[in-house]
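Below is the file entry.cif, which contains mmCIF, C-alpha atoms.
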```cif
data_query
#
loop_
_atom_site.label_atom_id
_atom_site.label_comp_id
_atom_site.auth_asym_id
_atom_site.auth_seq_id
_atom_site.Cartn_x
_atom_site.Cartn_y
_atom_site.Cartn_z
CA MET A 12 1.16 0.46 3.69
CA THR A 13 0.83 0.67 7.43
CA VAL A 14 0.65 3.40 10.00
CA ARG A 15 4.21 4.40 10.76
CA THR A 16 3.72 6.23 14.03
CA GLU A 17 6.07 5.01 16.74
CA ARG A 18 3.18 4.90 19.14
CA GLN A 19 -0.44 5.96 19.05
CA GLY A 20 -0.92 9.74 19.29
CA ALA A 21 2.70 10.81 18.62
CA TRP A 22 3.19 13.59 16.07
CA LEU A 23 5.93 15.78 14.69
CA LEU A 24 5.37 19.51 14.19
CA LEU A 25 7.59 21.66 11.97
CA ALA A 26 7.25 25.34 12.83
CA PHE A 27 9.21 27.81 10.73
CA THR A 28 9.46 31.34 9.35
CA LEU A 29 11.24 32.62 6.25
CA PRO A 30 12.16 36.22 5.34
CA ALA A 31 9.63 37.84 2.99
CA LYS A 32 12.30 38.31 0.33
CA ARG A 33 12.77 34.55 0.13
CA ALA A 34 9.64 33.88 -1.94
CA SER A 35 11.27 31.29 -4.19
CA LYS A 36 12.62 29.40 -1.17
CA ARG A 37 9.17 29.50 0.41
CA VAL A 38 7.73 27.79 -2.68
CA GLU A 39 10.52 25.21 -2.55
CA VAL A 40 9.77 24.43 1.11
CA TRP A 41 6.04 24.24 0.43
CA ARG A 42 6.58 21.74 -2.38
CA LYS A 43 8.67 19.54 -0.10
CA LEU A 44 5.98 19.70 2.58
CA GLN A 45 3.44 18.54 -0.02
CA ARG A 46 5.73 15.71 -1.08
CA TYR A 47 6.18 14.60 2.52
CA GLY A 48 2.39 14.33 3.02
CA THR A 49 2.11 16.97 5.76
CA VAL A 50 -1.09 18.68 6.88
CA PRO A 51 -1.14 22.24 8.28
CA LEU A 52 -2.02 22.87 11.91
CA GLY A 53 -3.57 26.32 11.67
CA ASN A 54 -0.79 28.91 11.65
CA SER A 55 1.39 26.84 13.96
CA GLY A 56 3.18 24.72 11.36
CA TYR A 57 2.92 21.37 9.62
CA LEU A 58 2.25 17.91 11.07
CA LEU A 59 3.44 14.40 10.29
CA PRO A 60 3.01 11.13 12.20
CA SER A 61 6.10 10.53 14.29
CA ASP A 62 8.53 7.96 12.96
CA PRO A 63 12.29 8.01 12.22
CA SER A 64 11.81 8.61 8.48
CA ASN A 65 9.48 11.58 8.97
CA GLU A 66 11.71 13.02 11.67
CA GLU A 67 14.70 12.81 9.36
CA ARG A 68 12.77 14.64 6.63
CA PHE A 69 11.67 17.39 8.97
CA GLN A 70 15.17 17.79 10.41
CA TRP A 71 16.64 18.04 6.93
CA LEU A 72 14.03 20.62 5.90
CA ALA A 73 14.58 22.61 9.10
CA THR A 74 18.30 22.74 8.35
CA ALA A 75 17.56 23.99 4.83
CA ILE A 76 15.20 26.69 6.15
CA ARG A 77 17.88 27.96 8.54
CA ARG A 78 20.34 28.02 5.66
CA TYR A 79 17.88 30.20 3.76
CA GLY A 80 17.96 32.70 6.61
CA GLY A 81 14.82 31.54 8.38
CA GLU A 82 14.04 29.93 11.71
CA ALA A 83 12.76 26.38 12.15
CA SER A 84 12.00 23.96 14.97
CA VAL A 85 10.92 20.32 14.94
CA VAL A 86 8.74 19.51 17.94
CA ARG A 87 7.41 16.16 19.12
CA VAL A 88 3.74 16.51 20.08
CA GLU A 89 1.98 13.90 22.20
CA SER A 90 -1.50 15.45 21.95
CA ILE A 91 -3.34 18.56 20.76
CA ASP A 92 -5.99 19.79 23.14
CA ASN A 93 -8.69 20.67 20.61
CA LEU A 94 -8.10 17.76 18.20
CA SER A 95 -8.42 14.07 19.02
CA PRO A 96 -6.10 11.49 17.41
CA ALA A 97 -9.03 10.38 15.23
CA GLN A 98 -9.60 13.94 14.03
CA LEU A 99 -5.92 14.37 13.22
CA GLN A 100 -5.84 11.08 11.33
CA GLY A 101 -8.97 12.19 9.51
CA ARG A 102 -7.15 15.25 8.18
CA PHE A 103 -4.44 13.08 6.66
CA SER A 104 -7.02 10.65 5.30
CA GLU A 105 -9.03 13.41 3.64
CA VAL A 106 -6.01 14.66 1.73
CA ARG A 107 -4.98 11.19 0.59
CA ALA A 108 -8.58 10.41 -0.46
CA ARG A 109 -8.63 13.47 -2.71
CA GLU A 110 -5.33 12.45 -4.28
CA TYR A 111 -6.53 8.88 -4.86
CA GLN A 112 -9.80 10.15 -6.37
CA GLU A 113 -7.88 12.32 -8.81
CA LEU A 114 -5.77 9.32 -9.77
CA ILE A 115 -8.85 7.13 -10.24
CA GLN A 116 -10.29 9.69 -12.66
CA GLN A 117 -7.04 9.75 -14.64
CA ILE A 118 -6.88 5.94 -14.83
CA GLN A 119 -10.52 5.73 -15.93
CA THR A 120 -9.86 8.33 -18.61
CA LEU A 121 -6.89 6.30 -19.84
CA THR A 122 -8.77 2.98 -19.91
CA GLY A 123 -12.31 4.17 -20.67
CA HIS A 124 -14.40 3.42 -23.72
CA GLY A 125 -12.74 4.71 -26.87
CA ALA A 126 -9.51 5.63 -25.07
CA ASP A 127 -6.07 4.65 -26.27
CA ARG A 128 -5.10 1.84 -23.90
CA SER A 129 -1.64 1.41 -25.46
CA ASN A 130 -0.01 4.34 -23.74
CA PRO A 131 2.74 2.80 -21.59
CA ALA A 132 4.41 6.14 -20.84
CA ARG A 133 1.24 7.62 -19.38
CA LEU A 134 0.48 4.42 -17.48
CA ALA A 135 4.00 4.48 -16.03
CA ARG A 136 3.44 8.06 -14.86
CA LEU A 137 0.22 7.02 -13.15
CA ARG A 138 2.01 4.12 -11.44
CA ASN A 139 4.75 6.46 -10.23
CA ARG A 140 2.18 8.91 -8.89
CA PHE A 141 0.41 6.07 -7.10
CA GLN A 142 3.65 5.02 -5.41
CA GLU A 143 4.23 8.60 -4.28
CA ILE A 144 0.80 8.70 -2.64
CA VAL A 145 1.20 5.24 -1.06
CA GLU A 146 4.47 6.38 0.53
CA ILE A 147 2.62 9.09 2.46
CA ASP A 148 -0.65 7.18 2.99
CA PHE A 149 0.10 6.85 6.69
CA PHE A 150 -3.33 5.49 7.67
CA ASP A 151 -4.15 3.02 4.87
CA SER A 152 -6.93 4.70 2.90
CA PRO A 153 -9.46 2.15 1.57
CA LEU A 154 -9.03 3.82 -1.82
CA GLN A 155 -5.45 2.58 -2.02
CA GLY A 156 -6.66 -0.92 -2.86
CA ARG A 157 -9.12 0.40 -5.43
CA VAL A 158 -6.42 2.35 -7.27
CA ARG A 159 -4.07 -0.62 -7.19
CA GLU A 160 -6.81 -2.80 -8.66
CA LEU A 161 -7.44 -0.33 -11.50
CA LEU A 162 -3.74 -0.07 -12.28
CA GLU A 163 -3.34 -3.84 -12.29
CA GLN A 164 -6.28 -4.14 -14.68
CA ALA A 165 -4.81 -1.46 -16.94
CA SER A 166 -1.43 -3.24 -16.91
CA SER A 167 -2.73 -6.75 -17.44
CA PRO A 168 -2.50 -8.12 -21.00
CA ARG A 169 -5.23 -10.61 -20.06
CA GLY A 170 -8.89 -9.83 -20.07
CA ALA A 171 -10.50 -8.98 -16.75
CA GLY A 172 -11.93 -12.09 -15.12
CA ALA A 173 -10.32 -14.51 -17.58
CA ALA A 174 -8.24 -17.21 -15.94
CA MET A 175 -4.71 -17.55 -17.30
CA ARG A 176 -3.77 -20.77 -19.09
CA LEU A 177 -0.40 -21.70 -17.69
CA ASN A 178 1.82 -24.65 -16.99
CA PRO A 179 2.09 -25.09 -13.20
CA LYS A 180 5.44 -26.87 -13.61
CA GLU A 181 6.98 -23.63 -14.81
CA TYR A 182 6.25 -22.10 -11.41
CA ARG A 183 8.16 -24.58 -9.26
CA ASN A 184 11.29 -23.66 -7.28
CA ARG A 185 10.88 -19.98 -8.15
CA VAL A 186 11.46 -16.71 -6.34
CA TRP A 187 8.16 -14.92 -5.72
CA VAL A 188 8.50 -11.20 -5.21
CA THR A 189 6.10 -8.63 -3.81
CA ARG A 190 6.18 -5.11 -2.38
CA PRO A 191 7.54 -4.53 1.14
CA ARG A 192 5.17 -4.48 4.15
CA PRO A 193 2.85 -7.34 3.11
CA GLY A 194 -0.78 -7.10 4.13
CA VAL A 195 -3.62 -9.58 4.34
CA ASP A 196 -3.92 -10.37 0.62
CA ARG A 197 -0.22 -10.81 -0.03
CA CYS A 198 0.39 -12.87 3.12
CA ALA A 199 -2.52 -15.14 2.22
CA SER A 200 -1.27 -15.36 -1.37
CA ALA A 201 2.19 -16.40 -0.14
CA TRP A 202 0.54 -19.13 1.93
CA LEU A 203 -1.39 -20.30 -1.16
CA ILE A 204 1.80 -20.32 -3.24
CA ARG A 205 3.78 -22.29 -0.68
CA ARG A 206 1.02 -24.83 0.06
CA PHE A 207 -0.48 -25.48 -3.38
CA ILE A 208 1.70 -23.99 -6.12
CA ASP A 209 5.40 -23.97 -5.24
CA PRO A 210 6.21 -25.84 -1.99
CA LYS A 211 9.90 -24.89 -2.24
CA GLY A 212 9.26 -21.38 -3.43
CA ARG A 213 11.19 -18.50 -1.87
CA PHE A 214 9.86 -15.03 -1.17
CA ALA A 215 11.51 -11.67 -1.69
CA PHE A 216 10.55 -8.02 -1.50
CA SER A 217 11.15 -5.31 -4.06
CA PRO A 218 9.76 -1.96 -5.20
CA GLU A 219 7.41 -2.13 -8.17
CA ASP A 220 10.04 -0.81 -10.59
CA ARG A 221 12.91 -3.07 -9.50
CA VAL A 222 11.60 -6.64 -9.76
CA PRO A 223 14.59 -9.05 -10.01
CA ALA A 224 15.01 -10.84 -13.32
CA GLY A 225 13.45 -14.28 -13.28
CA ALA A 226 11.30 -13.64 -10.21
CA VAL A 227 7.53 -14.06 -10.27
CA PRO A 228 5.73 -10.89 -9.12
CA TYR A 229 2.55 -11.16 -7.08
CA GLY A 230 0.42 -8.47 -5.51
CA MET A 231 2.02 -5.99 -7.92
CA PHE A 232 0.93 -4.40 -11.19
CA HIS A 233 3.63 -6.04 -13.25
CA GLU A 234 3.33 -7.79 -16.60
CA GLY A 235 3.68 -11.54 -16.26
CA GLY A 236 2.76 -11.50 -12.59
CA PHE A 237 -0.31 -12.16 -10.50
CA GLY A 238 -2.33 -9.37 -8.92
CA HIS A 239 -5.82 -7.96 -8.70
CA ARG A 240 -7.82 -8.82 -11.80
CA GLY A 241 -11.36 -7.77 -12.55
CA GLY A 242 -13.12 -7.91 -9.19
CA ASP A 243 -10.66 -10.43 -7.71
CA CYS A 244 -7.89 -9.92 -5.18
CA THR A 245 -4.45 -11.49 -5.74
CA PHE A 246 -5.37 -14.61 -3.74
CA GLU A 247 -8.38 -15.25 -6.00
CA THR A 248 -6.33 -14.64 -9.16
CA LEU A 249 -3.81 -17.27 -8.09
CA GLU A 250 -6.59 -19.63 -7.06
CA LYS A 251 -8.21 -19.40 -10.50
CA ASP A 252 -5.06 -19.34 -12.64
CA PHE A 253 -3.64 -22.45 -10.94
CA ARG A 254 -7.07 -24.10 -10.81
CA ILE A 255 -7.02 -24.83 -7.08
CA HIS A 256 -10.30 -26.59 -6.29
CA ASP A 257 -10.30 -26.92 -2.53
CA PRO A 258 -13.49 -25.90 -0.68
CA ARG A 259 -11.50 -24.60 2.30
CA VAL A 260 -9.31 -22.48 0.01
CA ALA A 261 -12.44 -21.08 -1.63
CA VAL A 262 -13.78 -19.97 1.75
CA ILE A 263 -10.45 -18.39 2.71
CA GLY A 264 -10.49 -16.59 -0.61
CA GLN A 265 -13.84 -15.07 0.31
CA MET A 266 -12.45 -13.93 3.68
CA ILE A 267 -9.39 -12.35 2.09
CA HIS A 268 -11.44 -10.72 -0.67
CA ASP A 269 -13.73 -8.95 1.78
CA ALA A 270 -10.87 -7.80 4.01
CA ASP A 271 -8.74 -6.59 1.11
CA LEU A 272 -11.28 -5.01 -1.23
CA LEU A 273 -13.82 -3.87 1.41
CA ASP A 274 -16.76 -4.46 -0.92
CA ASP A 275 -18.60 -6.93 1.36
CA ARG A 276 -19.13 -9.26 -1.59
CA TYR A 277 -19.27 -12.39 0.55
CA GLY A 278 -20.19 -11.01 3.96
CA ARG A 279 -17.18 -12.72 5.56
CA LYS A 280 -15.62 -10.96 8.56
CA GLU A 281 -12.84 -13.36 9.56
CA GLY A 282 -10.26 -11.82 7.26
CA PHE A 283 -10.62 -8.46 8.98
CA GLY A 284 -9.22 -10.00 12.16
CA VAL A 285 -6.19 -11.32 10.28
CA ASP A 286 -5.75 -7.89 8.68
CA GLU A 287 -5.83 -6.08 12.03
CA ILE A 288 -3.33 -8.49 13.57
CA LEU A 289 -0.94 -7.96 10.65
CA LYS A 290 -1.28 -4.19 10.98
CA GLY A 291 -0.50 -4.45 14.68
CA TRP A 292 2.65 -6.47 14.01
CA ALA A 293 3.66 -4.01 11.28
CA ARG A 294 3.39 -1.15 13.78
CA GLN A 295 5.80 -3.06 16.01
CA GLY A 296 8.36 -2.84 13.23
CA LEU A 297 8.57 -6.53 12.32
CA ALA A 298 10.80 -7.23 9.33
CA ASP A 299 9.01 -7.99 6.06
CA GLU A 300 10.11 -11.63 6.12
CA LYS A 301 8.82 -12.19 9.65
CA LEU A 302 5.58 -10.34 8.90
CA LEU A 303 4.99 -12.52 5.85
CA GLN A 304 5.69 -15.74 7.76
CA ARG A 305 3.39 -14.80 10.61
CA GLY A 306 0.64 -13.96 8.14
CA MET A 307 1.12 -17.32 6.44
CA ASP A 308 0.88 -19.04 9.82
CA LEU A 309 -2.41 -17.25 10.52
CA VAL A 310 -3.87 -18.42 7.22
CA GLU A 311 -2.67 -21.96 7.87
CA GLY A 312 -4.65 -21.82 11.10
CA LEU A 313 -7.72 -20.63 9.21
CA TYR A 314 -7.31 -23.53 6.77
CA HIS A 315 -7.53 -26.05 9.61
CA SER A 316 -10.25 -24.23 11.53
CA PRO A 317 -13.53 -26.15 11.74
CA ALA A 318 -15.56 -22.92 11.60
CA LYS A 319 -16.15 -22.32 7.92
#
```

Can you dump the structure from the file as C-alpha cells?
Amino acid sequence: MTVRTERQGAWLLLAFTLPAKRASKRVEVWRKLQRYGTVPLGNSGYLLPSDPSNEERFQWLATAIRRYGGEASVVRVESIDNLSPAQLQGRFSEVRAREYQELIQQIQTLTGHGADRSNPARLARLRNRFQEIVEIDFFDSPLQGRVRELLEQASSPRGAGAAMRLNPKEYRNRVWVTRPRPGVDRCASAWLIRRFIDPKGRFAFSPEDRVPAGAVPYGMFHEGGFGHRGGDCTFETLEKDFRIHDPRVAVIGQMIHDADLLDDRYGRKEGFGVDEILKGWARQGLADEKLLQRGMDLVEGLYHSPAK
C-alpha cells in the first residue's frame, strides 16, 4: 500500500448536514465514512487524502446525503492552518494502528497456545478484515507488515522457520502472482525469482482471493505460495526454500528484511533507500508492471554493487 494523495498536502473534506428525523440515514452515512477510512476535522466534516478514488466515494456519498434531504459539499483543501501535513497524517495513522492492533490480538487468540488452529472460516474473516484496513491504510503503517506476517504464519501448513522441500524444476516457466502495488520485498523477490529460480517466469497481479489457477503466489498469505514465514520476509523464504547460496544474495536479503519488517535485525540501511524510491514512483502512478520492473532493476544494481 502506498500513499494515494495526488500531491503532498492535498485533502478532501466532506461537509454535510442531515435532518434530525433521518437518524437511520445518519447511521448509514457514518458507517460508510468509517469504511472509507475518514477522520473527523472537528465539527467541520470528514477528511480523506485527495485522489480520484476517494473523490469518487465522497461525491457518491454527497449525492446520497442530498437524496436523504440533507446538504453536502466536497471541498478540496490544500492546507489547514492549525494542523501540519504531518499532524494530519498522524491522525490517519493512529486510527489504522488501533485497527491493526485489534486484528493482531484476534490473530494471536486464534493461533495461541491451546487454540483451535483449524478454523478456516475465522481465518478467512481475519484476512478479509485485513484487506479492508489495507485499502484505507493511506500512509503505510509499519503494523501492516506485522499483521501480514502473522496471517501468513497462520495460513502456512509448514512450520515456522522450516525450509520447504521442493523440486525447483516444478517452478520453471510459471506465472508468479502477487498483490498490486509491489513494495520493496515483493520487487526484490521478483528479481530473485527471475535471476535464480525461473528465468522465463512471468509476473501478474491479483487480489488475495482471486489468484489464477496454476499461478504461484508470492508475497501473499496463500496456501502453496511463498510469503513471510517465521521471522523471514518473502525474499528470505524464497532464498531458503530454493536453497540459493550466494553471498551477495544473502546480503541483499538482510537489506530487504530490515526495510520490510523494520525490526533492525541486521542493521542494514540500504534497503530503506530502495523502499523510498519505490514509494516515490508509486505516488507518481506508475503501473504495477513498470513499478515491479524498476524495483527489479534497482535490486540488480545492488547485486553488482561493490559496497556490501

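Across A:Leu313, A:Ala293, A:Met231, A:Leu59, the tightest approach to Met266 of chain A is made by A:Leu313 when counting only C-alpha atoms.
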
Residues in the PyMOL selection byres ((chain A and resi 237-240) around 8), expressed as number ranges by chain | A: 159-160, 163-164, 167, 171-172, 228-233, 235-236, 241-246, 248-249

Residues within 8 Å of segment 134-151 of chain A, only C-alpha atoms, excluding chain neighbours under 5 positions, as a PyMOL selection string = chain A and resi 12-15+46-48+60+100+103-104+107+110-111+114+117-118+121+158+162+165-166

What is the atom CA of Ile91 of chain A-atom CA of Gln155 of chain A distance in Å, reported with one decimal?
-> 27.9 Å

Evaluate the PyMOL selection byres ((chain A and resi 35-45) around 8) and report residues as an mmCIF file with C-alpha atoms, in the coordinates of the input:
```cif
data_model
loop_
_atom_site.group_PDB
_atom_site.id
_atom_site.type_symbol
_atom_site.label_atom_id
_atom_site.label_comp_id
_atom_site.auth_asym_id
_atom_site.auth_seq_id
_atom_site.Cartn_x
_atom_site.Cartn_y
_atom_site.Cartn_z
ATOM 1 C CA LEU A 29 11.240 32.620 6.250
ATOM 2 C CA ARG A 33 12.770 34.550 0.130
ATOM 3 C CA ALA A 34 9.640 33.880 -1.940
ATOM 4 C CA ARG A 46 5.730 15.710 -1.080
ATOM 5 C CA TYR A 47 6.180 14.600 2.520
ATOM 6 C CA GLY A 48 2.390 14.330 3.020
ATOM 7 C CA THR A 49 2.110 16.970 5.760
ATOM 8 C CA TYR A 57 2.920 21.370 9.620
ATOM 9 C CA LEU A 72 14.030 20.620 5.900
ATOM 10 C CA ILE A 76 15.200 26.690 6.150
ATOM 11 C CA TYR A 79 17.880 30.200 3.760
#
```

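Of the listed residues A:Leu302, A:Leu203, A:Val86, A:Val188, the one whose atoms come nearest to Phe253 of chain A is A:Leu203, with distances taken using all atoms listed in the file.
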
Resolved residues for the PyMOL selection byres ((chain A and resi 204) around 10) as an MDAnalysis selection string | chainID A and resid 182:183 187 198:203 205:214 229 246 249:250 253

Would you mind exporting the chosen residues as a PDB file, keeping the file's coordinate frame, restricted to C-alpha atoms?
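And here is the file that came out, result-v7.pdb:
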```
ATOM      1  CA  TYR A 182       6.250 -22.100 -11.410  1.00  0.00           C
ATOM      2  CA  ARG A 183       8.160 -24.580  -9.260  1.00  0.00           C
ATOM      3  CA  TRP A 187       8.160 -14.920  -5.720  1.00  0.00           C
ATOM      4  CA  CYS A 198       0.390 -12.870   3.120  1.00  0.00           C
ATOM      5  CA  ALA A 199      -2.520 -15.140   2.220  1.00  0.00           C
ATOM      6  CA  SER A 200      -1.270 -15.360  -1.370  1.00  0.00           C
ATOM      7  CA  ALA A 201       2.190 -16.400  -0.140  1.00  0.00           C
ATOM      8  CA  TRP A 202       0.540 -19.130   1.930  1.00  0.00           C
ATOM      9  CA  LEU A 203      -1.390 -20.300  -1.160  1.00  0.00           C
ATOM     10  CA  ARG A 205       3.780 -22.290  -0.680  1.00  0.00           C
ATOM     11  CA  ARG A 206       1.020 -24.830   0.060  1.00  0.00           C
ATOM     12  CA  PHE A 207      -0.480 -25.480  -3.380  1.00  0.00           C
ATOM     13  CA  ILE A 208       1.700 -23.990  -6.120  1.00  0.00           C
ATOM     14  CA  ASP A 209       5.400 -23.970  -5.240  1.00  0.00           C
ATOM     15  CA  PRO A 210       6.210 -25.840  -1.990  1.00  0.00           C
ATOM     16  CA  LYS A 211       9.900 -24.890  -2.240  1.00  0.00           C
ATOM     17  CA  GLY A 212       9.260 -21.380  -3.430  1.00  0.00           C
ATOM     18  CA  ARG A 213      11.190 -18.500  -1.870  1.00  0.00           C
ATOM     19  CA  PHE A 214       9.860 -15.030  -1.170  1.00  0.00           C
ATOM     20  CA  TYR A 229       2.550 -11.160  -7.080  1.00  0.00           C
ATOM     21  CA  PHE A 246      -5.370 -14.610  -3.740  1.00  0.00           C
ATOM     22  CA  LEU A 249      -3.810 -17.270  -8.090  1.00  0.00           C
ATOM     23  CA  GLU A 250      -6.590 -19.630  -7.060  1.00  0.00           C
ATOM     24  CA  PHE A 253      -3.640 -22.450 -10.940  1.00  0.00           C
TER      25      PHE A 253
END
```

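Distances from A:Gly284, A:Gln304, A:Pro51, A:Arg77 to Ala215 of chain A were compared using all atoms listed in the file, and the smallest one belongs to A:Gln304.
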
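Pairwise distance (atom CA of Gly225 of chain A, atom CA of Lys180 of chain A) equals 14.9 Å.
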
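Our summary of the geometry notes that atom CA of Asp92 of chain A is positioned 14.7 Å from atom CA of Leu58 of chain A.
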
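Nearest residue to Pro96 of chain A among A:Arg259, A:Asn130, A:Ala21, A:Gly306 is A:Ala21, counting all atoms listed in the file.
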
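The smallest atom-to-atom distance between Gln98 of chain A and any of A:Leu154, A:Leu52, A:Ala31, A:Leu177, using all atoms listed in the file, is found for A:Leu52.
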
Extending 5 Å beyond the listed atoms of segment 57-65 of chain A on each side, what axis-aligned box results? I want centre and edge lengths in Å to one decimal, as lines of an AutoDock Vina configuration file.
```
center_x = 7.3
center_y = 14.7
center_z = 11.4
size_x = 20.0
size_y = 23.4
size_z = 15.8
```
